[in-house]
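Student: My questions all concern the structure below.
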Amino acid sequence: MKTPQAPAITNSPVAASTAAPAISVQNVTVTYENRPALRSVTFDVQRGELIGIIGPNGAGKSTLLKAVLGLTDLDGGAVRFFGESIERCRQRVAYVPQTSAVDWDFPVTVLDVVQMGRYGRLGWFGRPGREDRQQAIESLELVGMSAYTKRHIRQLSGGQQQRVFLARALCQQADILLLDEPFAGVDAATEHAIFELIRKLTDEHRTLLVVNHDLGVLEKFDSLLMLNQRVIACGPTRDIATEENLRRTYGGRLSLLDRAELALQNQESPQ
Amino acid sequence: MMTTLGQLDFVPSMWSAPFTDGHLWMGMVTSILVGATCGVLGCFVVLRRMALIGDALSHAVLPGVVIAFLVTQNTGIVGLLFGALLAGLTTAVLINLVSHNSRTKEDSAIGIVFTALFALGLVLISNLPRGTHFDLKCFVFGIPEAVGMPDLWLMAVIAAIVLITVVLFYHPMKLISFDPVVAAAMGLPVMAFHYLLMGMISATVVAGLKTTGVVLVVAMVITPASAAYQLCNRFSTMLLLGGIFGALSAALGMIGAYVVNAPSGPSMVLVATTIFALAMLGSPRHGVVFRSIRRWRHRRHIETEDVLKTIHHLDRSDQPTDVAAISSQSRVTMARAKAILRELRQHKLIEGGASTLNLTEAGQRRALEMVRSHRLWESYLADQANMPPDQVHDVAEKLEHAHELADEVDRELGHPSLDPHGEEIPRG
């Protein structure tokens, strides 16, 4: 296995951002059709940190990733990467969506998909060159998929699809990676391999934010963000992975705060 | 010469009217350009599951065309084009507005918007000032015989624009079609591309109106591209094939229409559908033809392995290794046995004359591999699947062809030396 190269993008204005956290989410609120999906979510992620986002279905985990990436309109709040707006940091942030988000019958090969990681950099008119191809092949090696370069993506298993998506993000050589359920539908061996890769990335001071469904692997994360529309708890895993916090995250009972908000909402627009 | 939408009356005899002077080739060339352009654009439509949008755009250009007609007081092709572009983009924007700002799902939003715009177009037509005549039937069904030089030029320009756009933006367009969310996360202008695509489709549709009409033009967008989709593993190949299929449908459709004296729009669509059906049958993945070829190859492969094993057994028990014995022992016909033996000889797995066949060293190795696989599977069935030893043979006869798993079976069973019948299992 080869070690990925240091992030290629070093020309971004870092003067003001050396001290800024990798990701800073301030009071982010998102509403869908008058129903709140995220309520004043606030947290910071430090450079080189591996943070897991956990929460029940409908807790707004994927919405949070999209909000962080600026793909969803915010009803309030702001997101900063290294102290800057997302628009100035697009190339430094890689997003790994759920594998179910795309059509795996699409006429492309594994290498094509991985090379797409370079497209943000290439812009509208760019064409991938030798260097991009080389980078894609190295990224495939990192996820143990170099034997599948020419395969059509329809021939991949769930775990292999996940690896290809990861390779695409690696190919982008981003400093921050946002992963949406990278362990969904993968076997134990792949899960292990992905965690190993993630560890290697954080060793290189890359920052990873991972939406995760499986509570069995919590201890692998440096820190956790427990989310159920609002932040239930956020901090180092050993401090906050308590039964009490998990119950508050996954338990159905509404806090007084939730009930107050619901009451106010009903007053505003009675159903 | 300016034969245009407004001046043309739709008369059935029009279809059968002889192609005079340049009409045939002008209609032909325009249709081919329309077909090719639709085929290429259709790839994006098909891959992004926007088939309904194709239908919507073709209908929704009507009010645009009528308004352009009202404003310019003629059916000059440039006015029509701008009208159509405006209407097409309005449709795309309205669909977006409705589906994002209400509970309405996108497919319903599309249905609401395009029927509304089409209805608006119909109302506008009925209120055209006295003395003007707008031929709706021509709009709906198309009259390729009415294609004139301006139409041909317009279509040529549009085809060139589409082609250049697709070639220039090939890579970002591929990513946006495959994974729009990641494309947006990378900062690619996904919405701009969407509207660019909508604009190109509207322009092509309006330029193609006279060749197929609005009702059928959607087929030229979806059908050739869907046929290409069945056959390709590469995006570039799909675009190319989509264009070729589109052009081919148009050309053959025009010729067919001329020969059997049928309207050319429907004729083109039927050709496109035939191409699609052929692609479906012949697709390497799902196609019936390739599936039976694969099955036949597989059966052939299994028979070959059986014959190899049979020769090995006959040889071991000092029986004559002639074609008749081989054929009866390995349960294949004489003709088949002969063909297989010929093949084995080509691969240097057997040698010797017709009555005294011998396995070569490679052949011996392959045969032993089969025997080993067979006996290991027999052991597995008896030990792990609790089958009575007298029944394992027939099942193992099938399973032995999965000899790539033999080592795994061997490991699982703890490397047995004898099979359930007490025969020795050769070491791998």
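Ligands are numbered from 1 in the order shown, residues from 1 within each chain, and chains are lettered A, B, ... in the order they appear in the structure tokens.
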Please provide the set of residues having any atom within 9 Å of range 231-244 of chain B, restricted to only C-alpha atoms, with same-chain residues fewer than 3 positions apart removed, written as an mmCIF file with N, CA and C atoms, in the first residue's frame.

Tutor:
```cif
data_model
loop_
_atom_site.group_PDB
_atom_site.id
_atom_site.type_symbol
_atom_site.label_atom_id
_atom_site.label_comp_id
_atom_site.auth_asym_id
_atom_site.auth_seq_id
_atom_site.Cartn_x
_atom_site.Cartn_y
_atom_site.Cartn_z
ATOM 1 N N ASP A 105 -25.998 1.335 -12.817
ATOM 2 C CA ASP A 105 -26.025 0.848 -14.195
ATOM 3 C C ASP A 105 -25.463 1.896 -15.143
ATOM 4 N N PHE A 106 -25.115 3.050 -14.610
ATOM 5 C CA PHE A 106 -24.599 4.146 -15.439
ATOM 6 C C PHE A 106 -23.377 3.666 -16.222
ATOM 7 N N PRO A 107 -23.324 4.001 -17.524
ATOM 8 C CA PRO A 107 -22.229 3.454 -18.339
ATOM 9 C C PRO A 107 -20.865 4.083 -18.046
ATOM 10 N N VAL A 108 -20.264 3.718 -16.943
ATOM 11 C CA VAL A 108 -18.901 4.157 -16.628
ATOM 12 C C VAL A 108 -18.139 3.009 -15.972
ATOM 13 N N THR A 109 -16.806 3.067 -16.068
ATOM 14 C CA THR A 109 -15.979 2.067 -15.419
ATOM 15 C C THR A 109 -15.559 2.566 -14.038
ATOM 16 N N HIS A 152 -16.883 -2.559 -15.202
ATOM 17 C CA HIS A 152 -18.042 -1.682 -15.185
ATOM 18 C C HIS A 152 -18.613 -1.680 -13.766
ATOM 19 N N ILE A 153 -19.112 -0.520 -13.328
ATOM 20 C CA ILE A 153 -19.514 -0.385 -11.937
ATOM 21 C C ILE A 153 -20.698 -1.275 -11.563
ATOM 22 N N GLY B 35 -32.496 13.566 -35.730
ATOM 23 C CA GLY B 35 -32.347 12.250 -35.108
ATOM 24 C C GLY B 35 -31.051 12.131 -34.336
ATOM 25 N N ALA B 36 -29.954 12.549 -34.963
ATOM 26 C CA ALA B 36 -28.646 12.433 -34.309
ATOM 27 C C ALA B 36 -28.603 13.300 -33.052
ATOM 28 N N THR B 37 -29.073 14.544 -33.157
ATOM 29 C CA THR B 37 -29.036 15.451 -32.021
ATOM 30 C C THR B 37 -29.914 14.935 -30.882
ATOM 31 N N CYS B 38 -31.120 14.511 -31.238
ATOM 32 C CA CYS B 38 -32.012 13.954 -30.220
ATOM 33 C C CYS B 38 -31.383 12.735 -29.565
ATOM 34 N N GLY B 39 -30.736 11.893 -30.375
ATOM 35 C CA GLY B 39 -30.122 10.681 -29.840
ATOM 36 C C GLY B 39 -29.047 11.001 -28.821
ATOM 37 N N VAL B 40 -28.234 12.026 -29.108
ATOM 38 C CA VAL B 40 -27.161 12.402 -28.173
ATOM 39 C C VAL B 40 -27.760 13.017 -26.908
ATOM 40 N N LEU B 41 -28.643 13.983 -27.087
ATOM 41 C CA LEU B 41 -29.252 14.627 -25.914
ATOM 42 C C LEU B 41 -30.070 13.624 -25.107
ATOM 43 N N GLY B 42 -30.677 12.692 -25.833
ATOM 44 C CA GLY B 42 -31.503 11.690 -25.172
ATOM 45 C C GLY B 42 -30.724 10.875 -24.149
ATOM 46 N N CYS B 43 -29.417 10.684 -24.394
ATOM 47 C CA CYS B 43 -28.599 9.925 -23.439
ATOM 48 C C CYS B 43 -28.657 10.577 -22.060
ATOM 49 N N PHE B 44 -28.580 11.902 -22.047
ATOM 50 C CA PHE B 44 -28.657 12.600 -20.752
ATOM 51 C C PHE B 44 -30.049 12.447 -20.151
ATOM 52 N N TYR B 170 -17.790 17.473 -21.912
ATOM 53 C CA TYR B 170 -18.037 16.042 -21.749
ATOM 54 C C TYR B 170 -17.838 15.571 -20.312
ATOM 55 N N LYS B 174 -20.663 14.420 -17.611
ATOM 56 C CA LYS B 174 -20.715 13.014 -17.204
ATOM 57 C C LYS B 174 -20.908 12.922 -15.692
ATOM 58 N N THR B 223 -35.997 6.899 -27.360
ATOM 59 C CA THR B 223 -35.831 5.532 -27.867
ATOM 60 C C THR B 223 -34.412 5.206 -28.354
ATOM 61 N N PRO B 224 -33.810 6.002 -29.246
ATOM 62 C CA PRO B 224 -32.443 5.640 -29.671
ATOM 63 C C PRO B 224 -31.463 5.623 -28.498
ATOM 64 N N ALA B 225 -31.610 6.578 -27.560
ATOM 65 C CA ALA B 225 -30.705 6.623 -26.403
ATOM 66 C C ALA B 225 -30.902 5.396 -25.530
ATOM 67 N N SER B 226 -32.142 4.959 -25.380
ATOM 68 C CA SER B 226 -32.392 3.766 -24.565
ATOM 69 C C SER B 226 -31.796 2.536 -25.225
ATOM 70 N N ALA B 227 -31.866 2.489 -26.544
ATOM 71 C CA ALA B 227 -31.247 1.366 -27.255
ATOM 72 C C ALA B 227 -29.747 1.370 -26.996
ATOM 73 N N ALA B 228 -29.125 2.563 -27.070
ATOM 74 C CA ALA B 228 -27.685 2.665 -26.832
ATOM 75 C C ALA B 228 -27.343 2.249 -25.409
ATOM 76 N N ALA B 247 -29.809 9.012 -35.991
ATOM 77 C CA ALA B 247 -29.642 9.335 -37.404
ATOM 78 C C ALA B 247 -30.175 8.207 -38.283
ATOM 79 N N LEU B 248 -29.870 6.982 -37.864
ATOM 80 C CA LEU B 248 -30.297 5.807 -38.617
ATOM 81 C C LEU B 248 -31.825 5.707 -38.645
ATOM 82 N N SER B 249 -32.448 5.948 -37.486
ATOM 83 C CA SER B 249 -33.915 5.911 -37.420
ATOM 84 C C SER B 249 -34.505 6.916 -38.387
ATOM 85 N N ALA B 279 -31.790 -4.063 -29.890
ATOM 86 C CA ALA B 279 -30.774 -3.854 -28.857
ATOM 87 C C ALA B 279 -31.138 -4.636 -27.606
ATOM 88 N N MET B 280 -32.437 -4.662 -27.310
ATOM 89 C CA MET B 280 -32.879 -5.383 -26.125
ATOM 90 C C MET B 280 -32.569 -6.871 -26.260
ATOM 91 N N GLY B 282 -30.350 -8.187 -28.295
ATOM 92 C CA GLY B 282 -28.936 -8.454 -28.530
ATOM 93 C C GLY B 282 -28.013 -7.872 -27.486
ATOM 94 N N SER B 283 -28.541 -7.278 -26.442
ATOM 95 C CA SER B 283 -27.678 -6.665 -25.437
ATOM 96 C C SER B 283 -26.770 -7.698 -24.786
ATOM 97 N N PRO B 284 -25.470 -7.355 -24.647
ATOM 98 C CA PRO B 284 -24.546 -8.314 -24.050
ATOM 99 C C PRO B 284 -24.938 -8.691 -22.616
ATOM 100 N N ARG B 285 -25.626 -7.806 -21.941
ATOM 101 C CA ARG B 285 -25.962 -8.069 -20.543
ATOM 102 C C ARG B 285 -27.253 -8.860 -20.405
#
```

Student: Only residues of chain A matter here; which ones have an atom within 8 Å of chain B, counting only C-alpha atoms? Give them as a ChimeraX atom specification.

Tutor: /A:33,69-71,87,90-91,93-97,101-103,106-109,116,119-120,123-127,152

Student: Keeping only N, CA and C atoms, write the selected residues to a file as a PDB file, in the first residue's frame.

Tutor:
```pdb
ATOM      1  N   GLU A  33     -40.540  22.107   4.421  1.00  0.00           N
ATOM      2  CA  GLU A  33     -41.995  22.255   4.427  1.00  0.00           C
ATOM      3  C   GLU A  33     -42.510  22.548   5.826  1.00  0.00           C
ATOM      4  N   LEU A  69     -22.284  21.188   3.521  1.00  0.00           N
ATOM      5  CA  LEU A  69     -21.712  21.345   2.185  1.00  0.00           C
ATOM      6  C   LEU A  69     -22.336  22.491   1.402  1.00  0.00           C
ATOM      7  N   GLY A  70     -23.321  23.135   2.000  1.00  0.00           N
ATOM      8  CA  GLY A  70     -23.972  24.243   1.301  1.00  0.00           C
ATOM      9  C   GLY A  70     -24.889  23.771   0.187  1.00  0.00           C
ATOM     10  N   LEU A  71     -25.394  22.538   0.275  1.00  0.00           N
ATOM     11  CA  LEU A  71     -26.267  22.011  -0.767  1.00  0.00           C
ATOM     12  C   LEU A  71     -27.732  22.173  -0.394  1.00  0.00           C
ATOM     13  N   GLU A  87     -17.735  28.084  -0.408  1.00  0.00           N
ATOM     14  CA  GLU A  87     -17.462  28.391  -1.815  1.00  0.00           C
ATOM     15  C   GLU A  87     -15.963  28.547  -2.085  1.00  0.00           C
ATOM     16  N   ARG A  90     -14.249  24.541  -1.796  1.00  0.00           N
ATOM     17  CA  ARG A  90     -14.852  23.355  -2.417  1.00  0.00           C
ATOM     18  C   ARG A  90     -13.855  22.224  -2.657  1.00  0.00           C
ATOM     19  N   GLN A  91     -12.684  22.570  -3.163  1.00  0.00           N
ATOM     20  CA  GLN A  91     -11.736  21.504  -3.522  1.00  0.00           C
ATOM     21  C   GLN A  91     -11.123  20.839  -2.294  1.00  0.00           C
ATOM     22  N   VAL A  93     -12.815  20.005   0.325  1.00  0.00           N
ATOM     23  CA  VAL A  93     -13.831  19.207   1.011  1.00  0.00           C
ATOM     24  C   VAL A  93     -14.362  18.137   0.061  1.00  0.00           C
ATOM     25  N   ALA A  94     -14.260  16.893   0.471  1.00  0.00           N
ATOM     26  CA  ALA A  94     -14.782  15.802  -0.357  1.00  0.00           C
ATOM     27  C   ALA A  94     -16.011  15.211   0.314  1.00  0.00           C
ATOM     28  N   TYR A  95     -16.973  14.853  -0.508  1.00  0.00           N
ATOM     29  CA  TYR A  95     -18.223  14.308   0.017  1.00  0.00           C
ATOM     30  C   TYR A  95     -18.411  12.890  -0.521  1.00  0.00           C
ATOM     31  N   VAL A  96     -18.674  11.967   0.361  1.00  0.00           N
ATOM     32  CA  VAL A  96     -18.946  10.585  -0.042  1.00  0.00           C
ATOM     33  C   VAL A  96     -20.403  10.287   0.275  1.00  0.00           C
ATOM     34  N   PRO A  97     -21.285  10.337  -0.742  1.00  0.00           N
ATOM     35  CA  PRO A  97     -22.705  10.116  -0.464  1.00  0.00           C
ATOM     36  C   PRO A  97     -22.989   8.644  -0.194  1.00  0.00           C
ATOM     37  N   ALA A 101     -27.277   6.544  -3.654  1.00  0.00           N
ATOM     38  CA  ALA A 101     -27.627   7.827  -4.271  1.00  0.00           C
ATOM     39  C   ALA A 101     -27.447   7.831  -5.786  1.00  0.00           C
ATOM     40  N   VAL A 102     -26.741   6.858  -6.329  1.00  0.00           N
ATOM     41  CA  VAL A 102     -26.489   6.896  -7.767  1.00  0.00           C
ATOM     42  C   VAL A 102     -26.984   5.621  -8.445  1.00  0.00           C
ATOM     43  N   ASP A 103     -27.032   5.707  -9.779  1.00  0.00           N
ATOM     44  CA  ASP A 103     -27.465   4.592 -10.600  1.00  0.00           C
ATOM     45  C   ASP A 103     -26.238   3.748 -10.948  1.00  0.00           C
ATOM     46  N   PHE A 106     -25.115   3.050 -14.610  1.00  0.00           N
ATOM     47  CA  PHE A 106     -24.599   4.146 -15.439  1.00  0.00           C
ATOM     48  C   PHE A 106     -23.377   3.666 -16.222  1.00  0.00           C
ATOM     49  N   PRO A 107     -23.324   4.001 -17.524  1.00  0.00           N
ATOM     50  CA  PRO A 107     -22.229   3.454 -18.339  1.00  0.00           C
ATOM     51  C   PRO A 107     -20.865   4.083 -18.046  1.00  0.00           C
ATOM     52  N   VAL A 108     -20.264   3.718 -16.943  1.00  0.00           N
ATOM     53  CA  VAL A 108     -18.901   4.157 -16.628  1.00  0.00           C
ATOM     54  C   VAL A 108     -18.139   3.009 -15.972  1.00  0.00           C
ATOM     55  N   THR A 109     -16.806   3.067 -16.068  1.00  0.00           N
ATOM     56  CA  THR A 109     -15.979   2.067 -15.419  1.00  0.00           C
ATOM     57  C   THR A 109     -15.559   2.566 -14.038  1.00  0.00           C
ATOM     58  N   MET A 116     -13.439  11.015 -11.419  1.00  0.00           N
ATOM     59  CA  MET A 116     -14.364  12.131 -11.232  1.00  0.00           C
ATOM     60  C   MET A 116     -13.974  12.958 -10.011  1.00  0.00           C
ATOM     61  N   TYR A 119     -12.576  16.235 -11.029  1.00  0.00           N
ATOM     62  CA  TYR A 119     -13.317  17.132 -11.919  1.00  0.00           C
ATOM     63  C   TYR A 119     -13.534  18.522 -11.338  1.00  0.00           C
ATOM     64  N   GLY A 120     -13.694  18.589 -10.000  1.00  0.00           N
ATOM     65  CA  GLY A 120     -13.885  19.898  -9.388  1.00  0.00           C
ATOM     66  C   GLY A 120     -12.716  20.801  -9.715  1.00  0.00           C
ATOM     67  N   GLY A 123     -12.592  21.857 -13.592  1.00  0.00           N
ATOM     68  CA  GLY A 123     -13.523  22.888 -14.039  1.00  0.00           C
ATOM     69  C   GLY A 123     -14.303  22.467 -15.263  1.00  0.00           C
ATOM     70  N   TRP A 124     -14.940  23.453 -15.892  1.00  0.00           N
ATOM     71  CA  TRP A 124     -15.853  23.156 -16.988  1.00  0.00           C
ATOM     72  C   TRP A 124     -15.167  22.545 -18.203  1.00  0.00           C
ATOM     73  N   PHE A 125     -14.019  23.105 -18.586  1.00  0.00           N
ATOM     74  CA  PHE A 125     -13.427  22.682 -19.858  1.00  0.00           C
ATOM     75  C   PHE A 125     -12.361  21.615 -19.707  1.00  0.00           C
ATOM     76  N   GLY A 126     -11.998  21.334 -18.455  1.00  0.00           N
ATOM     77  CA  GLY A 126     -10.852  20.472 -18.224  1.00  0.00           C
ATOM     78  C   GLY A 126     -11.063  19.048 -18.678  1.00  0.00           C
ATOM     79  N   ARG A 127      -9.959  18.401 -18.987  1.00  0.00           N
ATOM     80  CA  ARG A 127      -9.984  16.975 -19.292  1.00  0.00           C
ATOM     81  C   ARG A 127      -8.944  16.313 -18.399  1.00  0.00           C
ATOM     82  N   HIS A 152     -16.883  -2.559 -15.202  1.00  0.00           N
ATOM     83  CA  HIS A 152     -18.042  -1.682 -15.185  1.00  0.00           C
ATOM     84  C   HIS A 152     -18.613  -1.680 -13.766  1.00  0.00           C
TER      85      HIS A 152
END
```

Student: Let me make sure I understand: among B:His194, B:Ala203, B:Thr274, B:Gly111, which one has the smallest atom-to-atom distance to Leu86 in chain B if we use only C-alpha atoms?

Tutor: B:Ala203

Student: Considering only alpha helix (DSSP H) as DSSP defines it on the backbone, what residues of range 100-275 of chain B qualify? List them as a ChimeraX atom specification.

Tutor: /B:100,106-126,136-141,149-168,170-178,180-185,190-207,209-212,214-231,235-260,264-275

Student: Can you pull out every residue within 9 Å of His312 in chain B, counting only C-alpha atoms, but drop anything in the same chain fewer than 3 positions away, and send it as a list in words?

Tutor: Val307, Leu308, Lys309, Asp315, Arg316, Ser317, Asn358, Leu359, Gly363, Gln364, Ala367 and Leu368 of chain B
